[in-house]
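Q: Just one file: work-v2.tsv, with TSV, C-alpha atoms (C1' of nucleotides) and all ligand atoms.
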```
chain	number	residue	atom	x	y	z
A	4	MET	CA	138.38	130.97	101.24
A	5	LYS	CA	136.72	129.72	98.10
A	6	GLY	CA	133.30	131.33	98.56
A	7	LYS	CA	133.02	133.97	95.90
A	8	LEU	CA	130.97	137.12	95.76
A	9	ILE	CA	130.73	136.75	92.01
A	10	THR	CA	130.60	133.37	90.29
A	11	ARG	CA	131.69	132.45	86.80
A	12	ASP	CA	128.33	132.84	85.13
A	13	THR	CA	127.80	136.28	86.60
A	14	ASP	CA	131.32	137.17	85.53
A	15	TYR	CA	130.71	135.99	81.97
A	16	ALA	CA	127.41	137.85	81.91
A	17	VAL	CA	129.17	141.07	82.88
A	18	ARG	CA	131.71	140.62	80.14
A	19	ALA	CA	129.14	139.76	77.49
A	20	LEU	CA	126.89	142.65	78.41
A	21	CYS	CA	129.81	145.07	78.50
A	22	PHE	CA	130.86	143.97	75.06
A	23	MET	CA	127.35	144.41	73.76
A	24	ALA	CA	127.09	147.83	75.35
A	25	ILE	CA	130.30	148.97	73.68
A	26	ASN	CA	129.49	147.49	70.29
A	27	GLU	CA	126.08	148.88	69.65
A	28	GLU	CA	125.25	146.67	66.71
A	29	GLU	CA	121.79	146.08	68.04
A	30	ILE	CA	121.55	142.36	67.41
A	31	MET	CA	124.43	140.26	68.59
A	32	PRO	CA	124.53	136.50	67.95
A	33	VAL	CA	126.12	134.29	70.58
A	34	ASP	CA	128.73	133.07	68.12
A	35	LYS	CA	130.19	136.52	67.81
A	36	LEU	CA	130.46	136.88	71.57
A	37	VAL	CA	132.09	133.47	71.79
A	38	GLU	CA	134.63	134.51	69.21
A	39	GLU	CA	135.44	137.77	70.96
A	40	LEU	CA	135.32	136.71	74.57
A	41	LYS	CA	136.49	133.09	74.42
A	42	ILE	CA	133.68	131.88	76.64
A	43	PRO	CA	132.55	128.25	76.12
A	44	ARG	CA	129.69	128.46	73.66
A	45	PRO	CA	127.04	126.20	75.27
A	46	PHE	CA	127.65	127.82	78.63
A	47	LEU	CA	127.32	131.31	77.24
A	48	ARG	CA	124.18	130.31	75.41
A	49	LYS	CA	122.66	129.19	78.68
A	50	ILE	CA	123.67	132.46	80.28
A	51	MET	CA	122.18	134.55	77.50
A	52	GLN	CA	118.95	132.59	77.60
A	53	MET	CA	118.77	133.28	81.31
A	54	LEU	CA	119.31	137.00	80.83
A	55	ASN	CA	116.60	136.94	78.21
A	56	LYS	CA	114.17	135.21	80.56
A	57	LYS	CA	114.93	137.77	83.22
A	58	GLY	CA	114.22	140.62	80.85
A	59	ILE	CA	117.72	142.06	80.65
A	60	LEU	CA	118.14	140.92	77.06
A	61	HIS	CA	115.71	140.57	74.24
A	62	SER	CA	116.17	137.67	71.84
A	63	TYR	CA	115.59	137.40	68.13
A	64	LYS	CA	115.19	133.93	66.76
A	65	GLY	CA	116.03	132.63	63.33
A	66	LYS	CA	118.65	133.50	60.80
A	67	GLY	CA	120.20	136.90	61.46
A	68	GLY	CA	118.93	136.73	65.00
A	69	GLY	CA	120.72	137.10	68.29
A	70	PHE	CA	120.40	139.16	71.44
A	71	ALA	CA	120.13	142.84	72.25
A	72	LEU	CA	120.14	144.73	75.52
A	73	SER	CA	116.61	145.48	76.56
A	74	VAL	CA	117.72	147.67	79.44
A	75	SER	CA	120.07	150.63	79.30
A	76	PRO	CA	123.56	149.93	80.72
A	77	ASP	CA	123.11	152.57	83.35
A	78	ARG	CA	120.14	150.68	84.70
A	79	ILE	CA	121.80	147.29	84.95
A	80	PHE	CA	123.52	146.80	88.29
A	81	LEU	CA	125.82	144.15	89.60
A	82	THR	CA	123.22	143.08	92.16
A	83	ASP	CA	120.78	142.38	89.35
A	84	LEU	CA	123.19	140.03	87.65
A	85	ILE	CA	124.19	138.38	90.89
A	86	GLU	CA	120.53	137.78	91.65
A	87	VAL	CA	119.93	136.23	88.25
A	88	PHE	CA	122.72	133.68	88.59
A	89	GLN	CA	123.29	133.32	92.29
A	90	GLY	CA	119.92	134.11	93.78
A	91	PRO	CA	119.32	136.78	96.41
A	92	LEU	CA	122.49	137.98	98.09
A	93	LYS	CA	122.45	136.44	101.51
A	94	LEU	CA	125.77	135.79	103.14
A	95	ASN	CA	124.52	134.69	106.50
A	96	GLU	CA	121.38	133.15	107.70
A	97	CYS	CA	121.38	132.98	111.40
A	98	ILE	CA	124.87	131.83	111.93
A	99	PHE	CA	123.67	129.29	114.46
A	100	LYS	CA	121.09	127.57	112.29
A	101	LYS	CA	117.52	128.56	112.92
A	102	ASN	CA	116.41	125.48	114.78
A	103	ILE	CA	119.30	125.58	117.19
A	104	CYS	CA	119.42	129.30	117.77
A	105	PRO	CA	116.95	130.70	120.28
A	106	ASN	CA	118.19	134.26	120.39
A	107	ILE	CA	118.13	135.48	116.85
A	108	ASN	CA	116.62	138.76	117.94
A	109	THR	CA	119.15	139.79	120.53
A	110	CYS	CA	122.27	138.18	119.10
A	111	PRO	CA	124.96	140.78	118.56
A	112	LEU	CA	126.73	138.64	115.97
A	113	LYS	CA	123.66	138.46	113.78
A	114	LYS	CA	123.30	142.21	113.95
A	115	ARG	CA	126.85	142.80	112.92
A	116	ILE	CA	126.81	140.34	110.06
A	117	ASP	CA	123.56	141.85	108.86
A	118	LYS	CA	125.19	145.25	108.87
A	119	ILE	CA	128.05	143.94	106.76
A	120	GLU	CA	125.59	142.39	104.35
A	121	ASP	CA	123.67	145.63	104.02
A	122	TYR	CA	126.84	147.48	103.18
A	123	ILE	CA	127.75	144.95	100.51
A	124	LYS	CA	124.30	145.15	98.98
A	125	THR	CA	124.42	148.92	98.86
A	126	GLN	CA	127.81	148.88	97.20
A	127	LEU	CA	126.91	146.26	94.60
A	128	GLN	CA	123.69	148.10	93.93
A	129	SER	CA	125.74	151.17	93.06
A	130	ILE	CA	127.88	149.45	90.42
A	131	SER	CA	126.18	149.81	87.06
A	132	LEU	CA	127.25	148.25	83.80
A	133	HIS	CA	127.70	151.76	82.50
A	134	SER	CA	130.07	152.71	85.31
A	135	LEU	CA	132.28	149.77	84.36
A	136	LEU	CA	132.72	151.01	80.84
A	137	GLU	CA	133.91	154.48	81.62
A	138	LYS	CA	137.67	154.05	81.55
A	139	ASN	CA	137.53	150.60	80.17
A	140	SER	CA	136.76	150.75	76.48
A	141	LYS	CA	138.05	147.23	75.78
A	142	ILE	CA	137.52	144.28	78.04
B	5	MET	CA	123.19	132.83	96.73
B	6	LYS	CA	124.77	129.87	98.42
B	7	GLY	CA	128.26	131.26	98.96
B	8	LYS	CA	128.60	131.86	102.65
B	9	LEU	CA	130.74	134.25	104.59
B	10	ILE	CA	130.88	131.76	107.43
B	11	THR	CA	130.88	128.01	106.83
B	12	ARG	CA	129.62	125.29	109.13
B	13	ASP	CA	132.94	124.48	110.74
B	14	THR	CA	133.64	128.12	111.55
B	15	ASP	CA	130.13	128.38	112.92
B	16	TYR	CA	130.58	125.32	115.13
B	17	ALA	CA	133.94	126.64	116.27
B	18	VAL	CA	132.34	129.91	117.36
B	19	ARG	CA	129.69	128.08	119.31
B	20	ALA	CA	132.13	125.72	120.97
B	21	LEU	CA	134.52	128.49	121.91
B	22	CYS	CA	131.69	130.64	123.25
B	23	PHE	CA	130.49	127.80	125.40
B	24	MET	CA	133.97	127.24	126.73
B	25	ALA	CA	134.42	130.92	127.43
B	26	ILE	CA	131.20	131.01	129.44
B	27	ASN	CA	131.84	127.79	131.34
B	28	GLU	CA	135.28	128.38	132.70
B	29	GLU	CA	135.94	124.84	133.80
B	30	GLU	CA	139.41	124.98	132.38
B	31	ILE	CA	139.50	121.57	130.71
B	32	MET	CA	136.56	120.71	128.51
B	33	PRO	CA	136.30	117.30	126.85
B	34	VAL	CA	134.72	117.13	123.41
B	35	ASP	CA	131.99	114.83	124.69
B	36	LYS	CA	130.64	117.53	126.94
B	37	LEU	CA	130.49	120.02	124.09
B	38	VAL	CA	128.75	117.45	121.93
B	39	GLU	CA	126.18	116.91	124.61
B	40	GLU	CA	125.53	120.62	125.07
B	41	LEU	CA	125.73	121.85	121.51
B	42	LYS	CA	124.43	118.89	119.52
B	43	ILE	CA	127.27	119.06	117.05
B	44	PRO	CA	128.26	115.76	115.35
B	45	ARG	CA	131.04	114.36	117.48
B	46	PRO	CA	133.64	113.33	114.86
B	47	PHE	CA	133.22	116.63	113.08
B	48	LEU	CA	133.62	118.64	116.24
B	49	ARG	CA	136.67	116.62	117.16
B	50	LYS	CA	138.26	117.53	113.87
B	51	ILE	CA	137.42	121.15	114.47
B	52	MET	CA	138.91	121.17	117.96
B	53	GLN	CA	142.06	119.48	116.75
B	54	MET	CA	142.38	122.18	114.15
B	55	LEU	CA	141.95	124.96	116.70
B	56	ASN	CA	144.59	123.25	118.80
B	57	LYS	CA	147.03	123.11	115.89
B	58	LYS	CA	146.44	126.78	115.24
B	59	GLY	CA	147.17	127.67	118.83
B	60	ILE	CA	143.73	128.88	119.81
B	61	LEU	CA	143.15	125.88	122.05
B	62	HIS	CA	145.47	123.83	124.17
B	63	SER	CA	144.83	120.11	124.41
B	64	TYR	CA	145.28	117.70	127.28
B	65	LYS	CA	145.52	114.08	126.31
B	66	GLY	CA	144.51	111.04	128.31
B	67	LYS	CA	141.85	110.42	130.88
B	68	GLY	CA	140.47	113.62	132.34
B	69	GLY	CA	141.83	115.47	129.36
B	70	GLY	CA	140.15	117.79	126.91
B	71	PHE	CA	140.64	121.30	125.59
B	72	ALA	CA	141.08	124.74	127.08
B	73	LEU	CA	141.25	128.17	125.52
B	74	SER	CA	144.83	129.22	125.13
B	75	VAL	CA	143.89	132.73	124.07
B	76	SER	CA	141.65	135.16	125.91
B	77	PRO	CA	138.20	135.57	124.31
B	78	ASP	CA	138.82	139.24	123.71
B	79	ARG	CA	141.77	138.34	121.53
B	80	ILE	CA	139.98	135.81	119.35
B	81	PHE	CA	138.35	137.42	116.33
B	82	LEU	CA	135.98	136.14	113.72
B	83	THR	CA	138.62	136.64	111.02
B	84	ASP	CA	140.95	134.35	112.90
B	85	LEU	CA	138.41	131.55	112.91
B	86	ILE	CA	137.45	132.14	109.30
B	87	GLU	CA	141.11	131.93	108.34
B	88	VAL	CA	141.56	128.66	110.21
B	89	PHE	CA	138.70	126.92	108.46
B	90	GLN	CA	138.23	128.78	105.23
B	91	GLY	CA	141.66	130.16	104.48
B	92	PRO	CA	142.41	133.82	103.85
B	93	LEU	CA	139.31	135.91	103.20
B	94	LYS	CA	139.32	136.65	99.52
B	95	LEU	CA	135.99	137.19	97.85
B	96	ASN	CA	137.20	138.22	94.45
B	97	GLU	CA	140.29	137.53	92.52
B	98	CYS	CA	140.33	139.52	89.37
B	99	ILE	CA	136.79	139.06	88.34
B	100	PHE	CA	137.87	138.37	84.76
B	101	LYS	CA	140.35	135.60	85.49
B	102	LYS	CA	143.98	136.62	85.47
B	103	ASN	CA	144.93	135.15	82.13
B	104	ILE	CA	142.09	136.77	80.28
B	105	CYS	CA	142.17	140.13	81.99
B	106	PRO	CA	144.73	142.60	80.70
B	107	ASN	CA	143.69	145.64	82.69
B	108	ILE	CA	143.77	144.57	86.31
B	109	ASN	CA	145.39	147.83	87.31
B	110	THR	CA	142.92	150.24	85.80
B	111	CYS	CA	139.71	148.22	86.10
B	112	PRO	CA	137.13	150.16	88.10
B	113	LEU	CA	135.23	147.02	89.01
B	114	LYS	CA	138.26	145.44	90.64
B	115	LYS	CA	138.80	148.59	92.67
B	116	ARG	CA	135.28	148.64	93.92
B	117	ILE	CA	135.15	144.98	94.82
B	118	ASP	CA	138.46	145.35	96.61
B	119	LYS	CA	137.00	148.19	98.62
B	120	ILE	CA	134.05	146.04	99.63
B	121	GLU	CA	136.40	143.26	100.64
B	122	ASP	CA	138.45	145.60	102.78
B	123	TYR	CA	135.37	146.74	104.59
B	124	ILE	CA	134.30	143.17	105.30
B	125	LYS	CA	137.74	142.32	106.62
B	126	THR	CA	137.77	145.32	108.90
B	127	GLN	CA	134.36	144.49	110.29
B	128	LEU	CA	135.09	140.81	110.86
B	129	GLN	CA	138.39	141.78	112.46
B	130	SER	CA	136.45	143.86	114.96
B	131	ILE	CA	134.16	141.05	116.13
B	132	SER	CA	135.78	139.29	119.08
B	133	LEU	CA	134.55	136.20	120.81
B	134	HIS	CA	134.19	138.31	123.91
B	135	SER	CA	131.96	140.82	122.19
B	136	LEU	CA	129.62	137.99	121.25
B	137	LEU	CA	129.13	136.96	124.84
B	138	GLU	CA	128.10	140.28	126.24
B	139	LYS	CA	124.32	140.08	126.08
B	140	ASN	CA	124.31	136.48	125.19
B	141	SER	CA	124.89	134.43	128.32
B	142	LYS	CA	123.49	131.23	126.85
B	143	ILE	CA	123.99	130.06	123.31
C	2	DA	C1'	150.45	96.69	135.04
C	3	DC	C1'	145.80	97.44	133.27
C	4	DT	C1'	142.00	99.71	131.77
C	5	DA	C1'	139.09	103.47	130.60
C	6	DA	C1'	138.88	107.96	128.87
C	7	DA	C1'	140.62	111.18	126.51
C	8	DT	C1'	143.19	113.31	122.07
C	9	DG	C1'	146.22	112.67	117.44
C	10	DA	C1'	146.36	111.39	112.85
C	11	DT	C1'	144.49	110.17	108.70
C	12	DA	C1'	141.74	108.19	105.23
C	13	DC	C1'	137.36	107.67	103.56
C	14	DT	C1'	132.39	108.89	102.08
C	15	DA	C1'	128.18	111.71	101.03
C	16	DA	C1'	125.88	115.74	99.62
C	17	DT	C1'	125.79	119.88	97.25
C	18	DA	C1'	127.24	123.60	94.19
C	19	DT	C1'	129.62	125.03	90.30
C	20	DG	C1'	130.99	124.91	85.68
C	21	DG	C1'	130.16	122.99	81.56
C	22	DT	C1'	128.20	119.59	77.46
C	23	DA	C1'	125.10	117.51	74.40
C	24	DT	C1'	121.03	117.14	71.87
C	25	DC	C1'	116.94	118.01	69.90
C	26	DT	C1'	113.16	121.38	68.74
C	27	DT	C1'	111.46	125.75	66.95
C	28	DT	C1'	111.70	130.04	64.48
C	29	DT	C1'	113.15	133.07	60.86
C	30	DT	C1'	115.26	134.79	56.69
C	31	DA	C1'	117.24	134.35	52.23
D	3	DT	C1'	113.58	124.53	51.73
D	4	DA	C1'	118.07	124.96	53.79
D	5	DA	C1'	120.99	127.55	56.89
D	6	DA	C1'	121.41	130.14	60.96
D	7	DA	C1'	119.92	131.54	64.74
D	8	DA	C1'	117.59	130.81	69.71
D	9	DG	C1'	114.55	127.64	73.10
D	10	DA	C1'	114.37	123.83	76.10
D	11	DT	C1'	116.26	120.20	78.73
D	12	DA	C1'	118.80	116.63	80.34
D	13	DC	C1'	123.06	115.28	81.33
D	14	DC	C1'	128.12	115.13	83.05
D	15	DA	C1'	132.59	116.63	85.59
D	16	DT	C1'	134.85	118.77	89.17
D	17	DA	C1'	135.38	121.06	93.52
D	18	DT	C1'	133.92	122.17	97.94
D	19	DT	C1'	131.60	121.31	102.07
D	20	DA	C1'	130.12	118.40	105.60
D	21	DG	C1'	130.66	114.52	107.92
D	22	DT	C1'	132.37	109.38	109.21
D	23	DA	C1'	135.33	105.74	110.50
D	24	DT	C1'	139.42	103.76	112.32
D	25	DC	C1'	143.39	103.10	114.60
D	26	DA	C1'	147.26	104.86	117.31
D	27	DT	C1'	148.89	107.37	121.40
D	28	DT	C1'	148.73	109.47	125.89
D	29	DT	C1'	147.32	109.81	130.73
D	30	DA	C1'	144.82	109.09	135.33
D	31	DG	C1'	143.34	106.16	138.55
D	32	DT	C1'	142.97	101.58	140.49
E	201	LIG	S1	122.82	132.95	117.88
E	201	LIG	FE1	121.40	132.86	116.24
E	201	LIG	S2	121.74	134.69	115.19
E	201	LIG	FE2	123.24	134.68	116.70
E	202	LIG	S1	138.95	143.33	84.09
E	202	LIG	FE1	140.34	142.24	85.34
E	202	LIG	S2	140.07	143.10	87.28
E	202	LIG	FE2	138.57	144.03	86.06
```
Is it possible to express this structure as C-alpha cells?
A:
Amino acid sequence: MKGKLITRDTDYAVRALCFMAINEEEIMPVDKLVEELKIPRPFLRKIMQMLNKKGILHSYKGKGGGFALSVSPDRIFLTDLIEVFQGPLKLNECIFKKNICPNINTCPLKKRIDKIEDYIKTQLQSISLHSLLEKNSKI
Amino acid sequence: MKGKLITRDTDYAVRALCFMAINEEEIMPVDKLVEELKIPRPFLRKIMQMLNKKGILHSYKGKGGGFALSVSPDRIFLTDLIEVFQGPLKLNECIFKKNICPNINTCPLKKRIDKIEDYIKTQLQSISLHSLLEKNSKI
DNA sequence: ACTAAATGATACTAATATGGTATCTTTTTA
DNA sequence: TAAAAAGATACCATATTAGTATCATTTAGT
C-alpha cells in the first residue's frame, strides 16, 4: 500500500518546526533550515510560506528576516499540519461512490470505516509538536 | 486528503464479491456483474482475474464459464482484499525517511503512528464480507 | 469440426497526485 | 543602493491509480 497517512511536505514541516522549537533563536531563515535538515530549498520555502499563510508561522521579510513560530509547540498538532498540506483527513467517502450507493445510512461498512477514521483523528489530534520533542532533543 | 484507505479496485472487488455472495448461482460470468454493478468491464475482468490468482475466486473457462467464490464470505476480510490490490497495509514507514532518521527506536512519533496502524489493521481484519451483508440485502 | 461465449495474459494509455524547480517581484536592513 | 531575505506563481518530473485494448486459450453445445 502506497497511500500514506503523512506525506512528504507534512513530514518536512514537522521536522522544520521541531528544529525551530528546539533552537529558540526567534527568527530562522530558510537557508539555515536547509543546511541543518537537508531538505530541498525551494520545496521547503514553499512549505514555510504555506505555514505562514495558515498562521502557524510568522514571516519577516528583508535582510535578517526569516520565520518564527507564531503558535506554541504544545498547541500545534499533527492533524493541523496534515490539514495544511493534505486537506481534511478523510480516508473514506462512501466506499461505494455516492451516486451508486443507495444505502449510505444503513451500511454497516460505512459505519465501521467511519469509526476507524474517528479513532485516527482523535489520535493524531493528541500528538503535539511539543510531545515529539520530549525525548528527542535532536532530530 | 486524497490518500485512501480503500482504492477503487478494492471497492469494486467488495461489491462484486458481495453480489456473488447474495446471488448464489455458483458460476457468475463477468458480464452479469458488469450489467448489475455498472463497473467498467475490462477493469472488472482484471480484478476478477486477480482474485482468482489469489485464491479467493475459482474460475471456469469456456462457454458457460465464469467465477465462483472459493472461500466462504465469513472468511473473506477487508484486509485480505486490501492486500490483494494495495499490498500490505503500511501507512507510515519511518516518518523521517530511513536514511535521514537516526532514532527510529526511540522516536515517540513512530511509536504512536505504529499504534494507530495496528488499530486500523485489527479493525479491518474484523470486517468480513459476511458481516457486510447482514442488513444489506441489496448493494 | 465449428462457433460462440467465456477466461488468461499482457501491454498500453489517461488522469491525478506527489514531489520538486525555476523565476521574478517585493521588502528590509546595513 | 546592494545584499539578503520572503512572496507569488508557473512550471516540470515521477509515481500511482484507473482504465483500455488485444490477442490467445479453453469449453459447451450444435
Ligand atoms: S454501500 Fe454506500 S456506504 Fe456502504
Ligand atoms: S525520527 Fe525516524 S521514526 Fe521518528
Q: Once chain A is superposed on chain B with a least-squares fit on all C-alpha pairs taken in order, can you show it as an mmCIF file with C-alpha atoms, in the frame of the given file?
A:
```cif
data_model
loop_
_atom_site.group_PDB
_atom_site.id
_atom_site.type_symbol
_atom_site.label_atom_id
_atom_site.label_comp_id
_atom_site.auth_asym_id
_atom_site.auth_seq_id
_atom_site.Cartn_x
_atom_site.Cartn_y
_atom_site.Cartn_z
ATOM 1 C CA MET A 4 123.082 132.781 96.619
ATOM 2 C CA LYS A 5 124.617 129.864 98.440
ATOM 3 C CA GLY A 6 128.110 131.280 98.982
ATOM 4 C CA LYS A 7 128.438 131.869 102.679
ATOM 5 C CA LEU A 8 130.613 134.253 104.612
ATOM 6 C CA ILE A 9 130.752 131.764 107.448
ATOM 7 C CA THR A 10 130.703 128.012 106.884
ATOM 8 C CA ARG A 11 129.497 125.289 109.196
ATOM 9 C CA ASP A 12 132.831 124.479 110.764
ATOM 10 C CA THR A 13 133.536 128.104 111.563
ATOM 11 C CA ASP A 14 130.032 128.371 112.970
ATOM 12 C CA TYR A 15 130.512 125.317 115.179
ATOM 13 C CA ALA A 16 133.884 126.640 116.290
ATOM 14 C CA VAL A 17 132.281 129.903 117.380
ATOM 15 C CA ARG A 18 129.662 128.065 119.363
ATOM 16 C CA ALA A 19 132.134 125.708 121.007
ATOM 17 C CA LEU A 20 134.522 128.486 121.924
ATOM 18 C CA CYS A 21 131.707 130.642 123.273
ATOM 19 C CA PHE A 22 130.534 127.800 125.439
ATOM 20 C CA MET A 23 134.029 127.239 126.734
ATOM 21 C CA ALA A 24 134.466 130.930 127.425
ATOM 22 C CA ILE A 25 131.269 131.038 129.464
ATOM 23 C CA ASN A 26 131.939 127.829 131.359
ATOM 24 C CA GLU A 27 135.389 128.428 132.669
ATOM 25 C CA GLU A 28 136.059 124.886 133.774
ATOM 26 C CA GLU A 29 139.522 125.016 132.330
ATOM 27 C CA ILE A 30 139.593 121.615 130.680
ATOM 28 C CA MET A 31 136.657 120.728 128.515
ATOM 29 C CA PRO A 32 136.387 117.304 126.853
ATOM 30 C CA VAL A 33 134.767 117.109 123.437
ATOM 31 C CA ASP A 34 132.054 114.811 124.745
ATOM 32 C CA LYS A 35 130.731 117.504 127.009
ATOM 33 C CA LEU A 36 130.562 119.992 124.159
ATOM 34 C CA VAL A 37 128.798 117.424 122.008
ATOM 35 C CA GLU A 38 126.245 116.891 124.726
ATOM 36 C CA GLU A 39 125.610 120.594 125.200
ATOM 37 C CA LEU A 40 125.768 121.823 121.645
ATOM 38 C CA LYS A 41 124.447 118.848 119.671
ATOM 39 C CA ILE A 42 127.254 119.021 117.146
ATOM 40 C CA PRO A 43 128.221 115.715 115.454
ATOM 41 C CA ARG A 44 131.031 114.324 117.563
ATOM 42 C CA PRO A 45 133.621 113.297 114.925
ATOM 43 C CA PHE A 46 133.155 116.593 113.135
ATOM 44 C CA LEU A 47 133.597 118.608 116.292
ATOM 45 C CA ARG A 48 136.651 116.586 117.183
ATOM 46 C CA LYS A 49 138.197 117.503 113.862
ATOM 47 C CA ILE A 50 137.360 121.137 114.465
ATOM 48 C CA MET A 51 138.871 121.152 117.934
ATOM 49 C CA GLN A 52 142.019 119.466 116.696
ATOM 50 C CA MET A 53 142.312 122.172 114.076
ATOM 51 C CA LEU A 54 141.915 124.943 116.631
ATOM 52 C CA ASN A 55 144.560 123.246 118.714
ATOM 53 C CA LYS A 56 146.969 123.090 115.783
ATOM 54 C CA LYS A 57 146.376 126.751 115.109
ATOM 55 C CA GLY A 58 147.149 127.659 118.690
ATOM 56 C CA ILE A 59 143.708 128.877 119.708
ATOM 57 C CA LEU A 60 143.160 125.886 121.970
ATOM 58 C CA HIS A 61 145.508 123.851 124.049
ATOM 59 C CA SER A 62 144.875 120.122 124.320
ATOM 60 C CA TYR A 63 145.358 117.722 127.180
ATOM 61 C CA LYS A 64 145.584 114.087 126.277
ATOM 62 C CA GLY A 65 144.613 111.078 128.319
ATOM 63 C CA LYS A 66 141.974 110.440 130.898
ATOM 64 C CA GLY A 67 140.581 113.659 132.344
ATOM 65 C CA GLY A 68 141.923 115.517 129.357
ATOM 66 C CA GLY A 69 140.225 117.811 126.904
ATOM 67 C CA PHE A 70 140.702 121.299 125.535
ATOM 68 C CA ALA A 71 141.142 124.748 127.012
ATOM 69 C CA LEU A 72 141.284 128.183 125.448
ATOM 70 C CA SER A 73 144.865 129.231 125.018
ATOM 71 C CA VAL A 74 143.912 132.735 123.952
ATOM 72 C CA SER A 75 141.684 135.170 125.798
ATOM 73 C CA PRO A 76 138.201 135.589 124.255
ATOM 74 C CA ASP A 77 138.819 139.241 123.645
ATOM 75 C CA ARG A 78 141.739 138.349 121.432
ATOM 76 C CA ILE A 79 139.946 135.816 119.268
ATOM 77 C CA PHE A 80 138.284 137.437 116.275
ATOM 78 C CA LEU A 81 135.907 136.151 113.681
ATOM 79 C CA THR A 82 138.518 136.645 110.962
ATOM 80 C CA ASP A 83 140.863 134.331 112.829
ATOM 81 C CA LEU A 84 138.320 131.546 112.861
ATOM 82 C CA ILE A 85 137.326 132.133 109.271
ATOM 83 C CA GLU A 86 140.975 131.915 108.284
ATOM 84 C CA VAL A 87 141.433 128.653 110.147
ATOM 85 C CA PHE A 88 138.548 126.908 108.405
ATOM 86 C CA GLN A 89 138.048 128.790 105.187
ATOM 87 C CA GLY A 90 141.481 130.139 104.415
ATOM 88 C CA PRO A 91 142.250 133.808 103.822
ATOM 89 C CA LEU A 92 139.172 135.907 103.169
ATOM 90 C CA LYS A 93 139.226 136.639 99.490
ATOM 91 C CA LEU A 94 135.920 137.212 97.804
ATOM 92 C CA ASN A 95 137.199 138.210 94.423
ATOM 93 C CA GLU A 96 140.300 137.507 92.535
ATOM 94 C CA CYS A 97 140.377 139.517 89.424
ATOM 95 C CA ILE A 98 136.855 139.053 88.344
ATOM 96 C CA PHE A 99 138.007 138.400 84.803
ATOM 97 C CA LYS A 100 140.463 135.622 85.556
ATOM 98 C CA LYS A 101 144.085 136.625 85.598
ATOM 99 C CA ASN A 102 145.109 135.149 82.289
ATOM 100 C CA ILE A 103 142.281 136.765 80.401
ATOM 101 C CA CYS A 104 142.328 140.131 82.091
ATOM 102 C CA PRO A 105 144.910 142.610 80.848
ATOM 103 C CA ASN A 106 143.821 145.626 82.833
ATOM 104 C CA ILE A 107 143.850 144.561 86.423
ATOM 105 C CA ASN A 108 145.519 147.789 87.433
ATOM 106 C CA THR A 109 143.093 150.248 85.937
ATOM 107 C CA CYS A 110 139.878 148.255 86.182
ATOM 108 C CA PRO A 111 137.286 150.181 88.147
ATOM 109 C CA LEU A 112 135.370 147.021 89.022
ATOM 110 C CA LYS A 113 138.380 145.460 90.683
ATOM 111 C CA LYS A 114 138.898 148.590 92.721
ATOM 112 C CA ARG A 115 135.353 148.638 93.921
ATOM 113 C CA ILE A 116 135.226 144.976 94.820
ATOM 114 C CA ASP A 117 138.508 145.355 96.656
ATOM 115 C CA LYS A 118 137.020 148.201 98.632
ATOM 116 C CA ILE A 119 134.061 146.045 99.604
ATOM 117 C CA GLU A 120 136.400 143.271 100.652
ATOM 118 C CA ASP A 121 138.444 145.624 102.792
ATOM 119 C CA TYR A 122 135.334 146.788 104.568
ATOM 120 C CA ILE A 123 134.260 143.224 105.276
ATOM 121 C CA LYS A 124 137.680 142.337 106.619
ATOM 122 C CA THR A 125 137.713 145.338 108.907
ATOM 123 C CA GLN A 126 134.287 144.501 110.254
ATOM 124 C CA LEU A 127 135.019 140.819 110.843
ATOM 125 C CA GLN A 128 138.296 141.776 112.440
ATOM 126 C CA SER A 129 136.355 143.862 114.943
ATOM 127 C CA ILE A 130 134.087 141.032 116.104
ATOM 128 C CA SER A 131 135.723 139.294 119.039
ATOM 129 C CA LEU A 132 134.516 136.184 120.792
ATOM 130 C CA HIS A 133 134.182 138.304 123.891
ATOM 131 C CA SER A 134 131.917 140.818 122.169
ATOM 132 C CA LEU A 135 129.567 137.980 121.247
ATOM 133 C CA LEU A 136 129.098 136.965 124.834
ATOM 134 C CA GLU A 137 128.071 140.295 126.222
ATOM 135 C CA LYS A 138 124.296 140.081 126.049
ATOM 136 C CA ASN A 139 124.262 136.468 125.168
ATOM 137 C CA SER A 140 124.953 134.412 128.254
ATOM 138 C CA LYS A 141 123.503 131.205 126.786
ATOM 139 C CA ILE A 142 123.962 130.094 123.230
#
```
Q: Would you kindly report the residues of chain B within 9 Å of chain D, using all atoms listed in the file, as a list in words?
A: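 Close enough to count are Thr11, Arg12, Asp13, Pro44, Pro46, Phe47, Tyr64, Lys65, Gly66, Lys67, Gly68 and Gly69 of chain B.
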Q: Around all of ligand LIG 202 (chain E)'s listed atoms, make the axis-aligned box with 6 Å on each side and tell me centre and edge lengths in Å to one decimal, as AutoDock Vina command-line options.
A:
```
--center_x 139.5 --center_y 143.1 --center_z 85.7 --size_x 13.8 --size_y 13.8 --size_z 15.2
```
Q: Taking all atoms listed in the file into account, report as a CSV table (one decimal) with C-alpha atoms (C1' of nucleotides), keeping the file's coordinate frame which residues of chain C lie within 7 Å of chain B.
A:
```
chain,number,residue,atom,x,y,z
C,6,DA,C1',138.9,108.0,128.9
C,7,DA,C1',140.6,111.2,126.5
C,8,DT,C1',143.2,113.3,122.1
```
Q: So how far away is atom C1' of C:DA10 from atom CA of B:Met32, in Å?
A: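 That distance, rounded to one decimal, is 20.7 Å.
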Q: If you count all atoms listed in the file, which residues fall within 9 Å of B:Ile10, apart from same-chain ones fewer than 4 positions away, as a list in words?
A: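 After dropping sequence-adjacent residues, the list is Leu94, Asn95 and Ile98 of chain A; Thr14, Asp15, Ile86 and Gln90 of chain B.
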Q: If you measure from atom CA of A:Asp117 to atom CA of B:Lys8, what distance in Å do you get, rounded to one decimal?
A: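 A separation of 12.8 Å between them.
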